[in-house]
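Coordinates as given in coords-v1.tsv (TSV, C-alpha atoms):
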```tsv
chain	number	residue	atom	x	y	z
A	1	LYS	CA	-42.14	-0.43	-8.04
A	2	LYS	CA	-45.88	-0.10	-8.36
A	3	ALA	CA	-47.88	1.89	-5.87
A	4	SER	CA	-50.37	-0.14	-3.86
A	5	GLY	CA	-53.53	1.76	-2.98
A	6	GLY	CA	-54.09	5.48	-2.64
A	7	PRO	CA	-54.51	8.08	-5.40
A	8	VAL	CA	-51.65	6.63	-7.50
A	9	ASP	CA	-52.64	2.97	-7.17
A	10	GLY	CA	-51.00	0.83	-9.84
A	11	GLU	CA	-48.68	3.55	-11.11
A	12	GLN	CA	-44.95	3.00	-11.49
A	13	TRP	CA	-42.26	4.97	-9.69
A	14	GLY	CA	-40.08	6.61	-12.34
A	15	LEU	CA	-39.76	5.91	-16.05
A	16	PRO	CA	-36.60	3.84	-16.57
A	17	TRP	CA	-35.19	3.40	-20.06
A	18	PRO	CA	-36.52	2.33	-22.44
A	19	CYS	CA	-39.91	4.00	-22.10
A	20	TRP	CA	-41.56	3.70	-25.50
A	21	THR	CA	-44.76	5.76	-25.20
A	22	ASP	CA	-46.64	7.91	-22.68
A	23	LYS	CA	-48.66	4.80	-21.79
A	24	HIS	CA	-45.61	2.54	-21.40
A	25	PRO	CA	-44.40	2.10	-17.77
A	26	GLY	CA	-40.73	1.90	-18.66
A	27	SER	CA	-38.52	-1.17	-18.35
A	28	HIS	CA	-37.45	-1.59	-14.73
A	29	ILE	CA	-35.67	-4.87	-15.47
A	30	LEU	CA	-34.15	-5.37	-18.93
A	31	TYR	CA	-34.77	-8.41	-21.13
A	32	ARG	CA	-37.71	-9.88	-19.23
A	33	THR	CA	-39.69	-12.11	-21.58
A	34	GLU	CA	-42.25	-13.42	-19.10
A	35	VAL	CA	-44.18	-10.13	-19.19
A	36	PRO	CA	-45.66	-8.35	-22.22
A	37	VAL	CA	-43.79	-5.49	-23.87
A	38	MET	CA	-46.51	-3.09	-22.70
A	39	GLU	CA	-45.56	-4.02	-19.11
A	40	GLY	CA	-41.82	-3.56	-19.64
A	41	GLY	CA	-40.94	-6.89	-21.24
A	42	MET	CA	-38.45	-7.12	-24.09
A	43	GLY	CA	-35.98	-9.37	-25.85
A	44	PHE	CA	-32.37	-8.59	-26.68
A	45	ARG	CA	-31.85	-5.68	-29.06
A	46	ALA	CA	-31.30	-6.79	-32.68
A	47	ARG	CA	-28.69	-4.13	-33.34
A	48	TRP	CA	-26.24	-6.27	-35.34
A	49	GLY	CA	-28.55	-6.97	-38.27
A	50	THR	CA	-30.15	-10.30	-39.07
A	51	GLN	CA	-27.15	-12.38	-40.17
A	52	ALA	CA	-23.45	-12.61	-39.28
A	53	PRO	CA	-20.72	-12.78	-41.99
A	54	ASP	CA	-20.25	-16.50	-41.29
A	55	GLY	CA	-23.91	-17.13	-42.09
A	56	ASP	CA	-25.19	-17.57	-38.54
A	57	GLY	CA	-28.53	-15.93	-37.85
A	58	LEU	CA	-28.58	-13.08	-35.35
A	59	LEU	CA	-32.28	-13.12	-34.51
A	60	ALA	CA	-33.65	-14.79	-31.41
A	61	ALA	CA	-34.99	-18.34	-31.52
A	62	ASP	CA	-38.66	-19.23	-31.71
A	63	GLY	CA	-40.43	-19.06	-28.38
A	64	SER	CA	-38.10	-16.38	-27.00
A	65	ALA	CA	-40.34	-13.35	-27.57
A	66	PRO	CA	-41.99	-11.56	-24.62
A	67	ALA	CA	-45.43	-12.75	-23.60
A	68	GLU	CA	-48.35	-11.77	-25.85
A	69	SER	CA	-46.06	-10.80	-28.76
A	70	SER	CA	-47.55	-11.12	-32.24
A	71	VAL	CA	-44.20	-12.57	-33.40
A	72	ASN	CA	-43.21	-15.77	-31.60
A	73	GLY	CA	-39.46	-15.58	-32.22
A	74	GLY	CA	-36.84	-13.12	-33.39
A	75	TYR	CA	-37.43	-10.11	-35.61
A	76	ALA	CA	-35.39	-7.19	-36.91
A	77	GLU	CA	-35.51	-3.60	-35.67
A	78	LEU	CA	-38.69	-1.86	-36.77
A	79	LYS	CA	-38.25	0.61	-39.60
A	80	ASP	CA	-37.73	4.25	-38.58
A	81	TRP	CA	-38.02	3.52	-34.85
A	82	LYS	CA	-34.95	5.65	-34.12
A	83	THR	CA	-36.10	8.68	-36.11
A	84	ASP	CA	-39.90	8.63	-35.95
A	85	LEU	CA	-41.08	11.79	-34.16
A	86	SER	CA	-44.78	11.12	-34.65
A	87	GLY	CA	-44.82	8.21	-32.22
A	88	LYS	CA	-46.78	6.02	-34.64
A	89	VAL	CA	-44.03	3.38	-34.94
A	90	PHE	CA	-44.05	2.97	-31.16
A	91	GLU	CA	-47.82	2.90	-30.88
A	92	ASP	CA	-48.10	0.24	-33.59
A	93	ALA	CA	-45.33	-1.79	-31.95
A	94	MET	CA	-47.04	-1.67	-28.55
A	95	ALA	CA	-50.36	-2.68	-30.09
A	96	ASN	CA	-48.69	-5.81	-31.46
A	97	GLY	CA	-46.62	-6.59	-28.38
A	98	LEU	CA	-43.32	-5.81	-30.14
A	99	ALA	CA	-40.23	-4.01	-28.88
A	100	PRO	CA	-39.27	-1.37	-31.48
A	101	TYR	CA	-35.60	-2.40	-31.44
A	102	GLY	CA	-36.38	-5.99	-32.40
A	103	ASN	CA	-35.64	-9.32	-30.76
A	104	GLY	CA	-32.13	-10.58	-31.45
A	105	ARG	CA	-29.26	-12.55	-29.98
A	106	ALA	CA	-26.13	-11.35	-28.23
A	107	ARG	CA	-22.86	-11.75	-30.13
A	108	PHE	CA	-19.99	-13.79	-28.74
A	109	ASN	CA	-17.66	-13.55	-31.73
A	110	SER	CA	-17.39	-9.84	-32.53
A	111	TRP	CA	-16.17	-10.13	-36.11
A	112	ASN	CA	-15.80	-6.38	-36.69
A	113	ILE	CA	-13.46	-5.81	-33.72
A	114	PRO	CA	-9.83	-6.19	-34.86
A	115	GLU	CA	-8.42	-7.42	-31.54
A	116	ASP	CA	-10.01	-9.76	-28.99
A	117	ASN	CA	-12.92	-10.45	-31.32
A	118	VAL	CA	-13.82	-13.18	-28.84
A	119	PRO	CA	-14.09	-11.15	-25.61
A	120	ARG	CA	-11.05	-11.61	-23.40
A	121	HIS	CA	-10.35	-10.34	-19.93
A	122	ARG	CA	-7.41	-7.98	-19.50
A	123	GLU	CA	-6.39	-6.86	-16.01
A	124	PRO	CA	-6.54	-3.09	-15.38
A	125	LEU	CA	-3.26	-1.19	-15.14
A	126	HIS	CA	-3.87	-0.73	-11.40
A	127	SER	CA	-4.66	-4.30	-10.39
A	128	PRO	CA	-4.89	-5.63	-6.81
A	129	ARG	CA	-4.11	-9.13	-8.16
A	130	PRO	CA	-0.53	-9.59	-9.41
A	131	ASP	CA	-1.33	-13.22	-10.21
A	132	LEU	CA	-3.99	-12.10	-12.67
A	133	ILE	CA	-1.64	-9.59	-14.29
A	134	GLU	CA	0.56	-12.51	-15.27
A	135	LYS	CA	-2.40	-14.54	-16.50
A	136	TRP	CA	-4.39	-11.75	-18.17
A	137	PRO	CA	-1.94	-8.94	-19.07
A	138	THR	CA	-3.00	-5.69	-20.66
A	139	TYR	CA	-2.10	-4.65	-24.23
A	140	GLU	CA	1.43	-4.21	-25.47
A	141	ASP	CA	2.55	-0.60	-25.81
A	142	VAL	CA	1.64	0.95	-29.15
A	143	LYS	CA	3.96	3.33	-31.00
A	144	ASP	CA	1.38	4.81	-33.35
A	145	HIS	CA	-2.19	4.56	-32.07
A	146	TYR	CA	-4.31	7.33	-33.56
A	147	ARG	CA	-1.00	9.07	-34.37
A	148	VAL	CA	0.29	9.11	-30.80
A	149	PRO	CA	2.39	6.62	-28.79
A	150	THR	CA	0.21	4.88	-26.19
A	151	LEU	CA	1.57	3.04	-23.15
A	152	PHE	CA	-0.11	-0.01	-21.70
A	153	LYS	CA	2.02	-2.94	-20.50
A	154	SER	CA	4.95	-0.78	-19.44
A	155	LEU	CA	2.65	1.01	-17.00
A	156	GLN	CA	1.23	-2.16	-15.43
A	157	LYS	CA	3.40	-3.00	-12.44
A	158	ALA	CA	2.67	-5.99	-10.21
A	159	GLU	CA	4.48	-4.40	-7.24
A	160	TRP	CA	1.90	-1.62	-7.07
A	161	ALA	CA	-0.52	-3.99	-5.32
A	162	GLU	CA	1.88	-4.13	-2.37
A	163	GLN	CA	2.78	-0.43	-2.37
A	164	TYR	CA	-0.84	0.68	-2.88
A	165	PRO	CA	-2.95	-2.08	-1.29
A	166	ILE	CA	-6.36	-0.35	-1.24
A	167	ILE	CA	-8.87	-0.52	-4.08
A	168	LEU	CA	-10.02	2.91	-5.28
A	169	ASN	CA	-13.52	3.33	-6.71
A	170	THR	CA	-15.20	6.49	-7.97
A	171	GLY	CA	-18.82	7.22	-8.83
A	172	ARG	CA	-21.82	9.49	-8.49
A	173	GLN	CA	-23.58	11.02	-5.53
A	174	VAL	CA	-27.31	11.69	-5.67
A	175	GLU	CA	-27.21	15.48	-5.41
A	176	PHE	CA	-24.58	16.24	-8.08
A	177	GLU	CA	-24.12	15.46	-11.79
A	178	GLY	CA	-21.00	15.22	-13.95
A	179	GLY	CA	-18.21	17.53	-12.86
A	180	GLY	CA	-20.61	19.19	-10.41
A	181	ASN	CA	-19.90	22.72	-11.61
A	182	SER	CA	-23.56	23.79	-11.61
A	183	GLU	CA	-24.45	21.93	-8.43
A	184	ARG	CA	-21.50	23.34	-6.48
A	185	ASN	CA	-22.81	26.80	-7.32
A	186	CYS	CA	-26.18	26.07	-5.70
A	187	TRP	CA	-26.49	26.86	-1.98
A	188	TRP	CA	-29.12	24.18	-1.35
A	189	LEU	CA	-27.13	21.34	-2.93
A	190	VAL	CA	-23.86	22.40	-1.35
A	191	GLU	CA	-25.63	22.35	2.02
A	192	LEU	CA	-26.34	18.64	1.42
A	193	GLN	CA	-22.75	17.87	0.36
A	194	PRO	CA	-20.53	20.73	1.58
A	195	GLU	CA	-17.13	19.05	1.15
A	196	MET	CA	-15.33	16.51	-1.00
A	197	TYR	CA	-15.11	13.24	0.90
A	198	ALA	CA	-14.01	9.62	0.81
A	199	GLU	CA	-16.20	6.79	2.03
A	200	ILE	CA	-14.08	4.48	4.18
A	201	HIS	CA	-14.94	1.31	6.11
A	202	PRO	CA	-14.63	1.50	9.94
A	203	LYS	CA	-11.95	-1.21	10.00
A	204	LEU	CA	-9.80	0.54	7.41
A	205	ALA	CA	-10.29	3.86	9.19
A	206	ASN	CA	-9.34	2.40	12.57
A	207	ASP	CA	-6.27	0.68	11.12
A	208	HIS	CA	-5.03	4.09	9.95
A	209	GLY	CA	-6.09	6.12	13.00
A	210	ILE	CA	-8.74	7.99	11.03
A	211	LYS	CA	-12.04	9.09	12.56
A	212	HIS	CA	-15.26	10.25	10.91
A	213	GLY	CA	-14.77	13.86	9.76
A	214	ASP	CA	-10.96	13.72	9.77
A	215	TRP	CA	-9.02	14.99	6.78
A	216	MET	CA	-7.05	12.27	4.98
A	217	TRP	CA	-4.67	11.93	2.06
A	218	ILE	CA	-5.33	9.43	-0.72
A	219	GLU	CA	-2.28	8.65	-2.85
A	220	SER	CA	-2.18	6.71	-6.13
A	221	PRO	CA	0.64	5.32	-8.33
A	222	GLU	CA	-0.04	7.96	-11.01
A	223	ASP	CA	3.16	10.02	-10.95
A	224	LEU	CA	3.08	13.78	-10.50
A	225	ASP	CA	6.57	15.30	-10.76
A	226	ASP	CA	8.06	11.93	-9.72
A	227	LYS	CA	5.76	11.78	-6.68
A	228	PRO	CA	2.48	9.89	-6.15
A	229	SER	CA	-0.63	11.83	-7.12
A	230	ARG	CA	-2.72	12.67	-4.08
A	231	VAL	CA	-5.94	14.32	-2.92
A	232	LYS	CA	-6.94	15.65	0.49
A	233	VAL	CA	-10.51	14.73	1.39
A	234	LYS	CA	-12.75	14.34	4.43
A	235	ALA	CA	-13.35	10.85	5.83
A	236	LYS	CA	-16.93	9.57	5.81
A	237	VAL	CA	-16.82	6.37	7.86
A	238	THR	CA	-19.43	3.90	6.63
A	239	LYS	CA	-19.98	0.20	6.04
A	240	ARG	CA	-21.29	0.95	2.54
A	241	VAL	CA	-17.78	0.21	1.25
A	242	ALA	CA	-15.65	-2.91	1.70
A	243	PRO	CA	-12.82	-2.98	4.28
A	244	ASP	CA	-10.22	-2.97	1.49
A	245	ALA	CA	-11.71	-0.15	-0.60
A	246	ILE	CA	-12.16	3.63	-0.77
A	247	TYR	CA	-14.97	5.42	-2.63
A	248	LEU	CA	-14.67	8.96	-4.07
A	249	PRO	CA	-17.40	11.01	-5.80
A	250	PHE	CA	-16.23	12.56	-9.09
A	251	HIS	CA	-18.16	15.84	-8.94
A	252	TRP	CA	-15.58	18.09	-7.32
A	253	GLY	CA	-12.97	20.64	-8.37
A	254	GLY	CA	-11.33	23.87	-7.33
A	255	MET	CA	-8.63	22.37	-5.13
A	256	PHE	CA	-5.35	20.65	-5.95
A	257	ASP	CA	-2.83	18.91	-3.68
A	258	GLY	CA	-4.68	20.18	-0.63
A	259	LYS	CA	-4.67	23.83	-1.71
A	260	SER	CA	-7.53	26.04	-2.87
A	261	LEU	CA	-7.52	27.36	-6.44
A	262	ALA	CA	-10.11	30.05	-5.70
A	263	ASP	CA	-7.71	32.74	-6.91
A	264	LYS	CA	-7.84	31.20	-10.40
A	265	TYR	CA	-11.57	31.88	-10.81
A	266	PRO	CA	-12.95	35.12	-12.31
A	267	LYS	CA	-14.45	37.50	-9.79
A	268	GLY	CA	-17.94	36.38	-8.79
A	269	TYR	CA	-17.53	32.83	-10.11
A	270	ILE	CA	-15.96	31.03	-7.15
A	271	PRO	CA	-18.16	27.98	-6.39
A	272	TYR	CA	-19.80	27.67	-2.98
A	273	GLY	CA	-18.43	24.13	-2.76
A	274	MET	CA	-14.86	23.27	-3.72
A	275	GLY	CA	-12.79	20.13	-3.31
A	276	GLU	CA	-10.18	17.87	-4.84
A	277	SER	CA	-10.90	16.16	-8.17
A	278	ALA	CA	-11.11	12.37	-8.00
A	279	ASN	CA	-9.49	12.18	-11.44
A	280	THR	CA	-6.20	13.32	-9.90
A	281	VAL	CA	-5.75	9.84	-8.42
A	282	THR	CA	-7.62	7.57	-10.83
A	283	ASN	CA	-5.62	5.66	-13.41
A	284	TYR	CA	-4.96	6.17	-17.08
A	285	GLY	CA	-5.75	2.85	-18.77
A	286	TYR	CA	-8.45	2.07	-21.32
A	287	ASP	CA	-9.57	-0.60	-23.76
A	288	ARG	CA	-7.85	0.04	-27.08
A	289	VAL	CA	-10.72	-1.22	-29.21
A	290	THR	CA	-13.84	0.11	-27.52
A	291	GLN	CA	-12.07	3.17	-26.00
A	292	MET	CA	-13.73	2.35	-22.65
A	293	GLN	CA	-11.55	3.88	-19.97
A	294	GLU	CA	-10.42	2.43	-16.64
A	295	THR	CA	-10.59	5.83	-14.97
A	296	LYS	CA	-13.41	4.83	-12.64
A	297	GLY	CA	-10.97	3.12	-10.29
A	298	GLY	CA	-7.47	1.99	-9.45
A	299	LEU	CA	-5.22	1.44	-6.43
A	300	CYS	CA	-4.34	3.77	-3.59
A	301	ARG	CA	-2.90	4.12	-0.10
A	302	ILE	CA	-4.13	6.41	2.64
A	303	LYS	CA	-2.92	8.32	5.67
A	304	LYS	CA	-4.35	10.84	8.09
A	305	ALA	CA	-3.71	14.43	7.01
```

Represent the structure from my file as structure tokens, please.
Amino acid sequence: KKASGGPVDGEQWGLPWPCWTDKHPGSHILYRTEVPVMEGGMGFRARWGTQAPDGDGLLAADGSAPAESSVNGGYAELKDWKTDLSGKVFEDAMANGLAPYGNGRARFNSWNIPEDNVPRHREPLHSPRPDLIEKWPTYEDVKDHYRVPTLFKSLQKAEWAEQYPIILNTGRQVEFEGGGNSERNCWWLVELQPEMYAEIHPKLANDHGIKHGDWMWIESPEDLDDKPSRVKVKAKVTKRVAPDAIYLPFHWGGMFDGKSLADKYPKGYIPYGMGESANTVTNYGYDRVTQMQETKGGLCRIKKA
């Protein structure tokens, strides 16, 4: 957003990617063509070259360039834009209303991907929709994928949706980053988020007799010694999540199965904040071609600790 009035009148809040030069405001909304590049406008990145193997062009059509561009249609990536440290490529591009990464078209037929070259939906291993598992199953198991056997379809069980009826999501919290090791060793940040928690909707909490601040178990189908994997976390009752979902931040560690692992740390290195790792209960699956994992979510069930 732009400031209105005051000493920073007209200035942008933050510099979202991509931000091409020190005079560029950043691109708050991607692929806007109704505004000039110098105001954050851009086309689609021309990262696939200029022509597909079947002869189709991969550059954008005439008239699709951002406003005030010196090129009306599509154009390739500008030479050396990825490696130029002088900034001249970017300055010249801005002066001509061009995005350094070109103006191309998105691909629908991904010819260099060996499987599903036309994008196809595949249900995650932990799916809340058994009907979609039947319609859009995951991959078949692979005996030799990067030299190791990899399980897919044999781990996707429709009955899990009944046994574990709650959707599990994981993600970031504002104060921490990554595994949270540095942040959980900072008094000031731990004061803001002192304990590992689960965000839970009031209806779901009430249905399970859980109140704000109660400890609760979250169990997932991922087996641990022939038992469901589980984490013990504090309930944060909020309407920020849906009534059929749980949210866990992924920045915690130092506890396992409800027990502290402080004795495993070297002397003087025990974090100020410790809690269960969300990855204990997230699922295993991933896309075999792009290697994009499903570990951001899954299925779970809950109970008061």

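Candidate residues A:Ala99, A:Leu204, A:Ala161, A:Ile218 were compared for distance to A:Pro128, and the nearest is A:Ala161, using only C-alpha atoms.
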
task = Determine, counting all atoms listed in the file, which protein, DNA and RNA residues have an atom within 10 Å of an atom of A:Gly213; residues of the same chain fewer than 5 positions away are not included. Present the result as a list in words.
result =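 Residues near the query, excluding close chain neighbours: Tyr197, Ala198, Val233, Lys234, Ala235, Lys236 and Val237 of chain A.
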
Using only C-alpha atoms, list the residues that have an atom at most 12 Å from (-18.0, 23.9, -16.4), coordinates as in the file, as a PDB file with C-alpha atoms, in the frame of the given file.
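Contents of the output file point.pdb:
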```
ATOM      1  CA  GLU A 177     -24.120  15.460 -11.790  1.00  0.00           C
ATOM      2  CA  GLY A 178     -21.000  15.220 -13.950  1.00  0.00           C
ATOM      3  CA  GLY A 179     -18.210  17.530 -12.860  1.00  0.00           C
ATOM      4  CA  GLY A 180     -20.610  19.190 -10.410  1.00  0.00           C
ATOM      5  CA  ASN A 181     -19.900  22.720 -11.610  1.00  0.00           C
ATOM      6  CA  SER A 182     -23.560  23.790 -11.610  1.00  0.00           C
ATOM      7  CA  GLU A 183     -24.450  21.930  -8.430  1.00  0.00           C
ATOM      8  CA  ARG A 184     -21.500  23.340  -6.480  1.00  0.00           C
ATOM      9  CA  ASN A 185     -22.810  26.800  -7.320  1.00  0.00           C
ATOM     10  CA  HIS A 251     -18.160  15.840  -8.940  1.00  0.00           C
ATOM     11  CA  TRP A 252     -15.580  18.090  -7.320  1.00  0.00           C
ATOM     12  CA  GLY A 253     -12.970  20.640  -8.370  1.00  0.00           C
ATOM     13  CA  GLY A 254     -11.330  23.870  -7.330  1.00  0.00           C
ATOM     14  CA  TYR A 265     -11.570  31.880 -10.810  1.00  0.00           C
ATOM     15  CA  TYR A 269     -17.530  32.830 -10.110  1.00  0.00           C
ATOM     16  CA  ILE A 270     -15.960  31.030  -7.150  1.00  0.00           C
ATOM     17  CA  PRO A 271     -18.160  27.980  -6.390  1.00  0.00           C
TER      18      PRO A 271
END
```

message = Show me the residues close to (-6.8, -2.9, -3.3) - anything with an atom within 6 Å, counting all atoms listed in the file - and format the list as a ChimeraX atom specification.
response = /A:128,165-167,244,299

A:Arg45 environment, 6 Å, all atoms listed in the file, sequence neighbours closer than 5 positions dropped, as a PyMOL selection string = chain A and resi 101-104

key: For A:Lys82: contacts at 12 Å, only C-alpha atoms, fewer than 5 positions along chain excluded, given as a VMD selection string   = chain A and resid 20 47 77 87 to 90 100 to 102

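Of the residues under consideration (A:Lys304, A:Asp84, A:Met196, A:Trp160), A:Met196 shows the shortest atom-to-atom contact distance to A:Gln173 when counting only C-alpha atoms.
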
Output: stretch 177-229 of chain A of the preceding structure, restricted to C-alpha atoms, written as a compact mmCIF listing (two decimals), in the first residue's frame.
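Listing of selection-v3.txt after writing:
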```txt
# COMPACT_ATOMS: atom_id res chain seq x y z
CA GLU A 177 11.54 -18.54 10.69
CA GLY A 178 12.28 -22.06 9.46
CA GLY A 179 12.88 -24.56 12.23
CA GLY A 180 12.89 -21.70 14.74
CA ASN A 181 16.20 -22.68 16.32
CA SER A 182 17.56 -19.12 16.46
CA GLU A 183 14.25 -17.54 17.39
CA ARG A 184 13.59 -19.99 20.22
CA ASN A 185 16.92 -18.94 21.71
CA CYS A 186 15.84 -15.29 21.86
CA TRP A 187 14.07 -14.17 25.06
CA TRP A 188 12.06 -11.44 23.32
CA LEU A 189 10.66 -13.70 20.59
CA VAL A 190 9.93 -16.55 22.98
CA GLU A 191 7.99 -14.08 25.11
CA LEU A 192 5.72 -13.49 22.10
CA GLN A 193 5.28 -17.22 21.39
CA PRO A 194 6.28 -19.14 24.53
CA GLU A 195 4.78 -22.54 23.65
CA MET A 196 4.00 -24.74 20.67
CA TYR A 197 0.29 -24.51 19.92
CA ALA A 198 -2.52 -25.58 17.62
CA GLU A 199 -5.09 -23.15 16.28
CA ILE A 200 -8.53 -24.72 16.65
CA HIS A 201 -12.02 -23.43 15.82
CA PRO A 202 -14.39 -22.89 18.80
CA LYS A 203 -16.87 -25.46 17.46
CA LEU A 204 -14.22 -28.15 17.08
CA ALA A 205 -12.81 -27.31 20.50
CA ASN A 206 -16.24 -27.47 22.15
CA ASP A 207 -17.05 -30.77 20.44
CA HIS A 208 -13.93 -32.27 22.05
CA GLY A 209 -14.23 -30.58 25.46
CA ILE A 210 -11.15 -28.44 24.84
CA LYS A 211 -10.82 -24.89 26.17
CA HIS A 212 -8.39 -22.13 25.22
CA GLY A 213 -5.03 -22.90 26.85
CA ASP A 214 -5.72 -26.61 27.38
CA TRP A 215 -3.13 -29.17 26.35
CA MET A 216 -4.30 -31.46 23.54
CA TRP A 217 -3.03 -34.43 21.56
CA ILE A 218 -3.00 -34.38 17.76
CA GLU A 219 -2.67 -37.81 16.17
CA SER A 220 -2.01 -38.62 12.51
CA PRO A 221 -2.06 -41.84 10.43
CA GLU A 222 1.75 -41.79 10.12
CA ASP A 223 2.76 -44.92 12.03
CA LEU A 224 5.29 -44.77 14.85
CA ASP A 225 6.06 -48.25 16.23
CA ASP A 226 2.64 -49.44 14.98
CA LYS A 227 0.92 -46.53 16.74
CA PRO A 228 -0.34 -43.19 15.35
CA SER A 229 2.22 -40.40 15.43
```
